[in-house]
$ cat target_10.pdb   # PDB, N, CA and C atoms
ATOM      1  N   MET A   1     -22.806  16.788  35.184
ATOM      2  CA  MET A   1     -22.451  17.793  34.207
ATOM      3  C   MET A   1     -23.681  18.062  33.339
ATOM      4  N   LYS A   2     -23.968  19.344  33.124
ATOM      5  CA  LYS A   2     -25.123  19.738  32.323
ATOM      6  C   LYS A   2     -24.848  19.463  30.845
ATOM      7  N   PRO A   3     -25.908  19.240  30.062
ATOM      8  CA  PRO A   3     -25.726  18.992  28.625
ATOM      9  C   PRO A   3     -24.992  20.127  27.910
ATOM     10  N   ASP A   4     -25.264  21.384  28.307
ATOM     11  CA  ASP A   4     -24.577  22.513  27.670
ATOM     12  C   ASP A   4     -23.082  22.494  27.957
ATOM     13  N   GLU A   5     -22.714  22.167  29.189
ATOM     14  CA  GLU A   5     -21.301  22.101  29.556
ATOM     15  C   GLU A   5     -20.612  20.960  28.813
ATOM     16  N   ARG A   6     -21.318  19.846  28.692
ATOM     17  CA  ARG A   6     -20.759  18.686  27.987
ATOM     18  C   ARG A   6     -20.532  19.009  26.509
ATOM     19  N   LEU A   7     -21.492  19.693  25.892
ATOM     20  CA  LEU A   7     -21.358  20.081  24.494
ATOM     21  C   LEU A   7     -20.190  21.040  24.307
ATOM     22  N   ALA A   8     -20.037  22.007  25.209
ATOM     23  CA  ALA A   8     -18.925  22.957  25.123
ATOM     24  C   ALA A   8     -17.589  22.233  25.251
ATOM     25  N   GLU A   9     -17.524  21.246  26.148
ATOM     26  CA  GLU A   9     -16.291  20.467  26.319
ATOM     27  C   GLU A   9     -15.974  19.656  25.065
ATOM     28  N   LEU A  10     -16.989  19.047  24.461
ATOM     29  CA  LEU A  10     -16.789  18.274  23.233
ATOM     30  C   LEU A  10     -16.287  19.157  22.095
ATOM     31  N   VAL A  11     -16.854  20.340  21.953
ATOM     32  CA  VAL A  11     -16.422  21.266  20.899
ATOM     33  C   VAL A  11     -14.985  21.694  21.128
ATOM     34  N   GLU A  12     -14.628  21.980  22.377
ATOM     35  CA  GLU A  12     -13.260  22.383  22.696
ATOM     36  C   GLU A  12     -12.273  21.255  22.411
ATOM     37  N   ASN A  13     -12.623  20.032  22.794
ATOM     38  CA  ASN A  13     -11.752  18.882  22.544
ATOM     39  C   ASN A  13     -11.595  18.611  21.057
ATOM     40  N   SER A  14     -12.670  18.744  20.285
ATOM     41  CA  SER A  14     -12.562  18.492  18.848
ATOM     42  C   SER A  14     -11.712  19.560  18.169
ATOM     43  N   ALA A  15     -11.758  20.803  18.657
ATOM     44  CA  ALA A  15     -10.914  21.857  18.095
ATOM     45  C   ALA A  15      -9.439  21.537  18.353
ATOM     46  N   CYS A  16      -9.126  21.049  19.543
ATOM     47  CA  CYS A  16      -7.752  20.640  19.874
ATOM     48  C   CYS A  16      -7.320  19.482  18.990
ATOM     49  N   PHE A  17      -8.221  18.540  18.806
ATOM     50  CA  PHE A  17      -7.971  17.363  17.990
ATOM     51  C   PHE A  17      -7.685  17.769  16.546
ATOM     52  N   ASP A  18      -8.489  18.690  16.002
ATOM     53  CA  ASP A  18      -8.284  19.169  14.635
ATOM     54  C   ASP A  18      -6.959  19.907  14.505
ATOM     55  N   ASP A  19      -6.602  20.688  15.521
ATOM     56  CA  ASP A  19      -5.344  21.428  15.497
ATOM     57  C   ASP A  19      -4.155  20.464  15.493
ATOM     58  N   GLU A  20      -4.231  19.420  16.295
ATOM     59  CA  GLU A  20      -3.152  18.430  16.344
ATOM     60  C   GLU A  20      -3.030  17.694  15.007
ATOM     61  N   ALA A  21      -4.178  17.374  14.406
ATOM     62  CA  ALA A  21      -4.163  16.698  13.101
ATOM     63  C   ALA A  21      -3.552  17.603  12.041
ATOM     64  N   TRP A  22      -3.900  18.893  12.066
ATOM     65  CA  TRP A  22      -3.344  19.817  11.074
ATOM     66  C   TRP A  22      -1.832  19.937  11.250
ATOM     67  N   LYS A  23      -1.357  20.009  12.480
ATOM     68  CA  LYS A  23       0.089  20.095  12.710
ATOM     69  C   LYS A  23       0.794  18.844  12.194
ATOM     70  N   ALA A  24       0.214  17.680  12.460
ATOM     71  CA  ALA A  24       0.799  16.430  11.961
ATOM     72  C   ALA A  24       0.813  16.432  10.438
ATOM     73  N   TRP A  25      -0.253  16.903   9.826
ATOM     74  CA  TRP A  25      -0.371  16.953   8.369
ATOM     75  C   TRP A  25       0.674  17.898   7.775
ATOM     76  N   ALA A  26       0.819  19.065   8.354
ATOM     77  CA  ALA A  26       1.701  20.084   7.793
ATOM     78  C   ALA A  26       3.178  19.834   8.091
ATOM     79  N   GLN A  27       3.492  19.306   9.271
ATOM     80  CA  GLN A  27       4.885  19.222   9.689
ATOM     81  C   GLN A  27       5.510  17.836   9.551
ATOM     82  N   CYS A  28       4.705  16.787   9.572
ATOM     83  CA  CYS A  28       5.268  15.437   9.599
ATOM     84  C   CYS A  28       5.289  14.739   8.248
ATOM     85  N   LEU A  29       4.545  15.252   7.292
ATOM     86  CA  LEU A  29       4.454  14.581   6.002
ATOM     87  C   LEU A  29       4.956  15.477   4.877
ATOM     88  N   SER A  30       5.613  14.877   3.906
ATOM     89  CA  SER A  30       6.040  15.613   2.715
ATOM     90  C   SER A  30       4.863  15.659   1.737
ATOM     91  N   PRO A  31       4.918  16.530   0.728
ATOM     92  CA  PRO A  31       3.836  16.567  -0.262
ATOM     93  C   PRO A  31       3.590  15.213  -0.932
ATOM     94  N   THR A  32       4.640  14.453  -1.192
ATOM     95  CA  THR A  32       4.478  13.140  -1.807
ATOM     96  C   THR A  32       3.731  12.190  -0.862
ATOM     97  N   GLU A  33       4.075  12.233   0.422
ATOM     98  CA  GLU A  33       3.400  11.386   1.404
ATOM     99  C   GLU A  33       1.940  11.815   1.589
ATOM    100  N   ARG A  34       1.693  13.126   1.561
ATOM    101  CA  ARG A  34       0.319  13.618   1.673
ATOM    102  C   ARG A  34      -0.529  13.131   0.507
ATOM    103  N   LEU A  35       0.021  13.226  -0.693
ATOM    104  CA  LEU A  35      -0.704  12.790  -1.887
ATOM    105  C   LEU A  35      -0.996  11.290  -1.820
ATOM    106  N   ALA A  36      -0.033  10.505  -1.392
ATOM    107  CA  ALA A  36      -0.241   9.060  -1.256
ATOM    108  C   ALA A  36      -1.311   8.774  -0.207
ATOM    109  N   TYR A  37      -1.301   9.526   0.891
ATOM    110  CA  TYR A  37      -2.315   9.340   1.933
ATOM    111  C   TYR A  37      -3.698   9.701   1.401
ATOM    112  N   ILE A  38      -3.796  10.797   0.673
ATOM    113  CA  ILE A  38      -5.090  11.206   0.109
ATOM    114  C   ILE A  38      -5.610  10.140  -0.846
ATOM    115  N   ARG A  39      -4.732   9.622  -1.691
ATOM    116  CA  ARG A  39      -5.162   8.581  -2.636
ATOM    117  C   ARG A  39      -5.647   7.331  -1.908
ATOM    118  N   LYS A  40      -4.960   6.966  -0.849
ATOM    119  CA  LYS A  40      -5.316   5.750  -0.122
ATOM    120  C   LYS A  40      -6.595   5.930   0.695
ATOM    121  N   HIS A  41      -6.800   7.138   1.232
ATOM    122  CA  HIS A  41      -7.935   7.414   2.115
ATOM    123  C   HIS A  41      -8.823   8.516   1.528
ATOM    124  N   ARG A  42      -9.167   8.397   0.286
ATOM    125  CA  ARG A  42      -9.931   9.439  -0.417
ATOM    126  C   ARG A  42     -11.261   9.747   0.260
ATOM    127  N   SER A  43     -11.905   8.731   0.819
ATOM    128  CA  SER A  43     -13.224   8.952   1.437
ATOM    129  C   SER A  43     -13.156   9.807   2.704
ATOM    130  N   HIS A  44     -11.976  10.036   3.256
ATOM    131  CA  HIS A  44     -11.831  10.837   4.478
ATOM    132  C   HIS A  44     -11.680  12.325   4.190
ATOM    133  N   PHE A  45     -11.630  12.706   2.928
ATOM    134  CA  PHE A  45     -11.404  14.108   2.549
ATOM    135  C   PHE A  45     -12.611  14.672   1.813
ATOM    136  N   ARG A  46     -12.788  16.001   1.956
ATOM    137  CA  ARG A  46     -13.807  16.714   1.194
ATOM    138  C   ARG A  46     -13.138  17.910   0.529
ATOM    139  N   PHE A  47     -13.298  17.983  -0.767
ATOM    140  CA  PHE A  47     -12.707  19.075  -1.536
ATOM    141  C   PHE A  47     -13.810  19.816  -2.286
ATOM    142  N   THR A  48     -13.699  21.145  -2.340
ATOM    143  CA  THR A  48     -14.688  21.923  -3.083
ATOM    144  C   THR A  48     -14.193  22.288  -4.472
ATOM    145  N   ASP A  49     -12.874  22.463  -4.602
ATOM    146  CA  ASP A  49     -12.331  22.794  -5.919
ATOM    147  C   ASP A  49     -10.858  22.374  -5.999
ATOM    148  N   TYR A  50     -10.265  22.575  -7.159
ATOM    149  CA  TYR A  50      -8.892  22.149  -7.405
ATOM    150  C   TYR A  50      -7.902  22.919  -6.528
ATOM    151  N   ASP A  51      -8.153  24.208  -6.289
ATOM    152  CA  ASP A  51      -7.246  25.001  -5.446
ATOM    153  C   ASP A  51      -7.172  24.438  -4.027
ATOM    154  N   GLU A  52      -8.290  23.933  -3.551
ATOM    155  CA  GLU A  52      -8.288  23.343  -2.217
ATOM    156  C   GLU A  52      -7.481  22.046  -2.201
ATOM    157  N   VAL A  53      -7.565  21.257  -3.255
ATOM    158  CA  VAL A  53      -6.768  20.033  -3.354
ATOM    159  C   VAL A  53      -5.285  20.377  -3.293
ATOM    160  N   ILE A  54      -4.868  21.371  -4.057
ATOM    161  CA  ILE A  54      -3.462  21.797  -4.075
ATOM    162  C   ILE A  54      -3.035  22.284  -2.688
ATOM    163  N   ALA A  55      -3.880  23.075  -2.023
ATOM    164  CA  ALA A  55      -3.553  23.582  -0.689
ATOM    165  C   ALA A  55      -3.398  22.439   0.308
ATOM    166  N   VAL A  56      -4.236  21.427   0.199
ATOM    167  CA  VAL A  56      -4.151  20.280   1.114
ATOM    168  C   VAL A  56      -2.880  19.482   0.842
ATOM    169  N   VAL A  57      -2.570  19.248  -0.417
ATOM    170  CA  VAL A  57      -1.358  18.488  -0.755
ATOM    171  C   VAL A  57      -0.105  19.233  -0.323
ATOM    172  N   ARG A  58      -0.111  20.538  -0.422
ATOM    173  CA  ARG A  58       1.055  21.338  -0.010
ATOM    174  C   ARG A  58       1.128  21.564   1.495
ATOM    175  N   GLY A  59       0.116  21.130   2.241
ATOM    176  CA  GLY A  59       0.143  21.234   3.698
ATOM    177  C   GLY A  59      -0.371  22.540   4.243
ATOM    178  N   ARG A  60      -0.994  23.360   3.415
ATOM    179  CA  ARG A  60      -1.535  24.647   3.892
ATOM    180  C   ARG A  60      -2.881  24.479   4.576
ATOM    181  N   ARG A  61      -3.601  23.404   4.233
ATOM    182  CA  ARG A  61      -4.916  23.127   4.805
ATOM    183  C   ARG A  61      -5.034  21.640   5.077
ATOM    184  N   PHE A  62      -6.010  21.291   5.902
ATOM    185  CA  PHE A  62      -6.328  19.879   6.125
ATOM    186  C   PHE A  62      -7.838  19.738   6.179
ATOM    187  N   THR A  63      -8.406  19.027   5.234
ATOM    188  CA  THR A  63      -9.861  18.852   5.185
ATOM    189  C   THR A  63     -10.268  17.414   5.447
ATOM    190  N   GLY A  64      -9.335  16.602   5.907
ATOM    191  CA  GLY A  64      -9.612  15.189   6.131
ATOM    192  C   GLY A  64     -10.173  14.907   7.508
ATOM    193  N   CYS A  65     -10.290  13.649   7.811
ATOM    194  CA  CYS A  65     -10.792  13.183   9.102
ATOM    195  C   CYS A  65      -9.630  13.166  10.105
ATOM    196  N   SER A  66      -9.735  13.989  11.124
ATOM    197  CA  SER A  66      -8.646  14.132  12.102
ATOM    198  C   SER A  66      -8.336  12.834  12.827
ATOM    199  N   SER A  67      -9.357  12.147  13.266
ATOM    200  CA  SER A  67      -9.126  10.933  14.046
ATOM    201  C   SER A  67      -8.422   9.864  13.213
ATOM    202  N   GLN A  68      -8.785   9.739  11.945
ATOM    203  CA  GLN A  68      -8.141   8.746  11.084
ATOM    204  C   GLN A  68      -6.667   9.077  10.873
ATOM    205  N   LEU A  69      -6.358  10.349  10.645
ATOM    206  CA  LEU A  69      -4.963  10.751  10.438
ATOM    207  C   LEU A  69      -4.133  10.486  11.685
ATOM    208  N   LEU A  70      -4.652  10.851  12.846
ATOM    209  CA  LEU A  70      -3.888  10.667  14.079
ATOM    210  C   LEU A  70      -3.720   9.192  14.408
ATOM    211  N   ARG A  71      -4.734   8.374  14.141
ATOM    212  CA  ARG A  71      -4.610   6.932  14.334
ATOM    213  C   ARG A  71      -3.547   6.358  13.410
ATOM    214  N   TRP A  72      -3.559   6.802  12.150
ATOM    215  CA  TRP A  72      -2.567   6.354  11.166
ATOM    216  C   TRP A  72      -1.163   6.763  11.596
ATOM    217  N   ARG A  73      -1.028   8.008  12.058
ATOM    218  CA  ARG A  73       0.277   8.504  12.515
ATOM    219  C   ARG A  73       0.784   7.689  13.692
ATOM    220  N   ASP A  74      -0.088   7.342  14.624
ATOM    221  CA  ASP A  74       0.320   6.549  15.780
ATOM    222  C   ASP A  74       0.758   5.150  15.369
ATOM    223  N   ARG A  75       0.077   4.555  14.372
ATOM    224  CA  ARG A  75       0.498   3.236  13.878
ATOM    225  C   ARG A  75       1.879   3.314  13.243
ATOM    226  N   ILE A  76       2.138   4.389  12.471
ATOM    227  CA  ILE A  76       3.449   4.568  11.843
ATOM    228  C   ILE A  76       4.521   4.726  12.920
ATOM    229  N   ARG A  77       4.233   5.514  13.948
ATOM    230  CA  ARG A  77       5.198   5.692  15.034
ATOM    231  C   ARG A  77       5.498   4.368  15.723
ATOM    232  N   ALA A  78       4.459   3.569  15.957
ATOM    233  CA  ALA A  78       4.648   2.280  16.625
ATOM    234  C   ALA A  78       5.506   1.352  15.766
ATOM    235  N   ARG A  79       5.256   1.322  14.463
ATOM    236  CA  ARG A  79       6.063   0.476  13.573
ATOM    237  C   ARG A  79       7.514   0.940  13.544
ATOM    238  N   THR A  80       7.716   2.246  13.513
ATOM    239  CA  THR A  80       9.068   2.791  13.494
ATOM    240  C   THR A  80       9.800   2.440  14.783
ATOM    241  N   LEU A  81       9.144   2.596  15.901
ATOM    242  CA  LEU A  81       9.741   2.260  17.190
ATOM    243  C   LEU A  81      10.056   0.767  17.262
ATOM    244  N   GLN A  82       9.145  -0.060  16.790
ATOM    245  CA  GLN A  82       9.364  -1.501  16.795
ATOM    246  C   GLN A  82      10.567  -1.870  15.924
ATOM    247  N   SER A  83      10.665  -1.260  14.749
ATOM    248  CA  SER A  83      11.799  -1.534  13.865
ATOM    249  C   SER A  83      13.116  -1.094  14.499
ATOM    250  N   ALA A  84      13.112   0.069  15.145
ATOM    251  CA  ALA A  84      14.323   0.561  15.789
ATOM    252  C   ALA A  84      14.744  -0.369  16.932
ATOM    253  N   LEU A  85      13.783  -0.820  17.708
ATOM    254  CA  LEU A  85      14.110  -1.723  18.807
ATOM    255  C   LEU A  85      14.651  -3.060  18.303
ATOM    256  N   LEU A  86      14.066  -3.598  17.248
ATOM    257  CA  LEU A  86      14.570  -4.848  16.671
ATOM    258  C   LEU A  86      15.986  -4.671  16.138
ATOM    259  N   PHE A  87      16.256  -3.529  15.526
ATOM    260  CA  PHE A  87      17.598  -3.249  15.033
ATOM    261  C   PHE A  87      18.597  -3.188  16.182
ATOM    262  N   LEU A  88      18.229  -2.522  17.266
ATOM    263  CA  LEU A  88      19.118  -2.424  18.421
ATOM    264  C   LEU A  88      19.393  -3.795  19.036
ATOM    265  N   VAL A  89      18.380  -4.625  19.131
ATOM    266  CA  VAL A  89      18.568  -5.981  19.655
ATOM    267  C   VAL A  89      19.523  -6.752  18.756
ATOM    268  N   ALA A  90      19.346  -6.637  17.435
ATOM    269  CA  ALA A  90      20.218  -7.339  16.495
ATOM    270  C   ALA A  90      21.665  -6.862  16.632
ATOM    271  N   VAL A  91      21.857  -5.548  16.776
ATOM    272  CA  VAL A  91      23.205  -5.005  16.935
ATOM    273  C   VAL A  91      23.841  -5.529  18.214
ATOM    274  N   TRP A  92      23.100  -5.514  19.337
ATOM    275  CA  TRP A  92      23.654  -6.002  20.593
ATOM    276  C   TRP A  92      23.958  -7.491  20.527
ATOM    277  N   LEU A  93      23.101  -8.257  19.883
ATOM    278  CA  LEU A  93      23.392  -9.684  19.726
ATOM    279  C   LEU A  93      24.649  -9.894  18.888
ATOM    280  N   GLY A  94      24.826  -9.074  17.866
ATOM    281  CA  GLY A  94      26.044  -9.147  17.050
ATOM    282  C   GLY A  94      27.281  -8.806  17.859
ATOM    283  N   ILE A  95      27.196  -7.786  18.685
ATOM    284  CA  ILE A  95      28.331  -7.388  19.531
ATOM    285  C   ILE A  95      28.671  -8.510  20.516
ATOM    286  N   ILE A  96      27.658  -9.081  21.129
ATOM    287  CA  ILE A  96      27.890 -10.176  22.082
ATOM    288  C   ILE A  96      28.502 -11.367  21.365
ATOM    289  N   TRP A  97      27.991 -11.702  20.194
ATOM    290  CA  TRP A  97      28.531 -12.824  19.421
ATOM    291  C   TRP A  97      30.000 -12.587  19.078
ATOM    292  N   LEU A  98      30.334 -11.366  18.629
ATOM    293  CA  LEU A  98      31.737 -11.054  18.312
ATOM    294  C   LEU A  98      32.614 -11.142  19.562
ATOM    295  N   ALA A  99      32.128 -10.640  20.681
ATOM    296  CA  ALA A  99      32.903 -10.683  21.921
ATOM    297  C   ALA A  99      33.171 -12.129  22.341
ATOM    298  N   VAL A 100      32.170 -12.983  22.226
ATOM    299  CA  VAL A 100      32.347 -14.394  22.575
ATOM    300  C   VAL A 100      33.335 -15.042  21.631
ATOM    301  N   ARG A 101      33.257 -14.754  20.357
ATOM    302  CA  ARG A 101      34.164 -15.344  19.360
ATOM    303  C   ARG A 101      35.609 -14.876  19.590
ATOM    304  N   LEU A 102      35.785 -13.636  19.983
ATOM    305  CA  LEU A 102      37.141 -13.119  20.201
ATOM    306  C   LEU A 102      37.751 -13.627  21.506
ATOM    307  N   ILE A 103      36.921 -13.902  22.490
ATOM    308  CA  ILE A 103      37.416 -14.386  23.775
ATOM    309  C   ILE A 103      37.909 -15.824  23.645
ATOM    310  N   ARG A 104      37.285 -16.634  22.840
ATOM    311  CA  ARG A 104      37.688 -18.046  22.684
ATOM    312  C   ARG A 104      39.028 -18.152  22.159
TER     313      ARG A 104
END
$ encode --input "target_10.pdb" --output "structure tokens"
Amino acid sequence: MKPDERLAELVENSACFDDEAWKAWAQCLSPTERLAYIRKHRSHFRFTDYDEVIAVVRGRRFTGCSSQLLRWRDRIRARTLQSALLFLVAVWLGIIWLAVRLIR
């Protein structure tokens, strides 16, 4: 692959990556969650003025680091899935325990 083709592919992939991060920012987080994320990861954002800060908090823009946001989102999804699975196991164990107790 030629260097020019490789550069074009990298630019295209980063544009997709930024678009996915913006969608996650705008659709998956509430303004309160966005503000908490900005406070926790302040070094990942660049703001030029107060209006831009407001736009980012309201989900109209995203000026942060795309890879960090998507990594964070994936960790949250994994924790949520893990919690749901543990809950389901606990419920099934409870059902089995009740069934055994009622059969005796």
$ residues_around --input "target_10.pdb" --residues "region 60-66 of chain A" --least-positions-apart "4" --cutoff "8 Å" --atoms "only N, CA and C atoms" --output "ChimeraX atom specification"
/A:17-22,25-26,43-47,52,54-56,70-72
$ select_by_dssp --input "target_10.pdb" --residues "region 24-85 of chain A" --states "alpha helix (DSSP H)" --output "JSON, numbers by chain"
{"A": [24, 25, 26, 27, 28, 31, 32, 33, 34, 35, 36, 37, 38, 39, 40, 50, 51, 52, 53, 54, 55, 56, 57, 66, 67, 68, 69, 70, 71, 72, 73, 74, 75, 76, 77, 78, 79, 80, 81, 82, 83, 84, 85]}
$ residues_near_point --input "target_10.pdb" --point "(-0.4, 15.0, 2.3)" --cutoff "7 Å" --atoms "all atoms listed in the file" --output "list of chain:residue names"
A:Trp25, A:Leu29, A:Ser30, A:Pro31, A:Thr32, A:Glu33, A:Arg34, A:Leu35, A:Ala36, A:Tyr37, A:Ile38, A:Val56, A:Val57, A:Arg58, A:Gly59
$ atom_distance --input "target_10.pdb" --atom1 "CA of Arg75 (chain A)" --atom2 "CA of Cys28 (chain A)"
13.8 Å
$ atom_distance --input "target_10.pdb" --atom1 "atom C of Arg77 (chain A)" --atom2 "atom C of Gln27 (chain A)"
14.8 Å
$ atom_distance --input "target_10.pdb" --atom1 "CA of Thr80 (chain A)" --atom2 "CA of Ala24 (chain A)"
16.0 Å
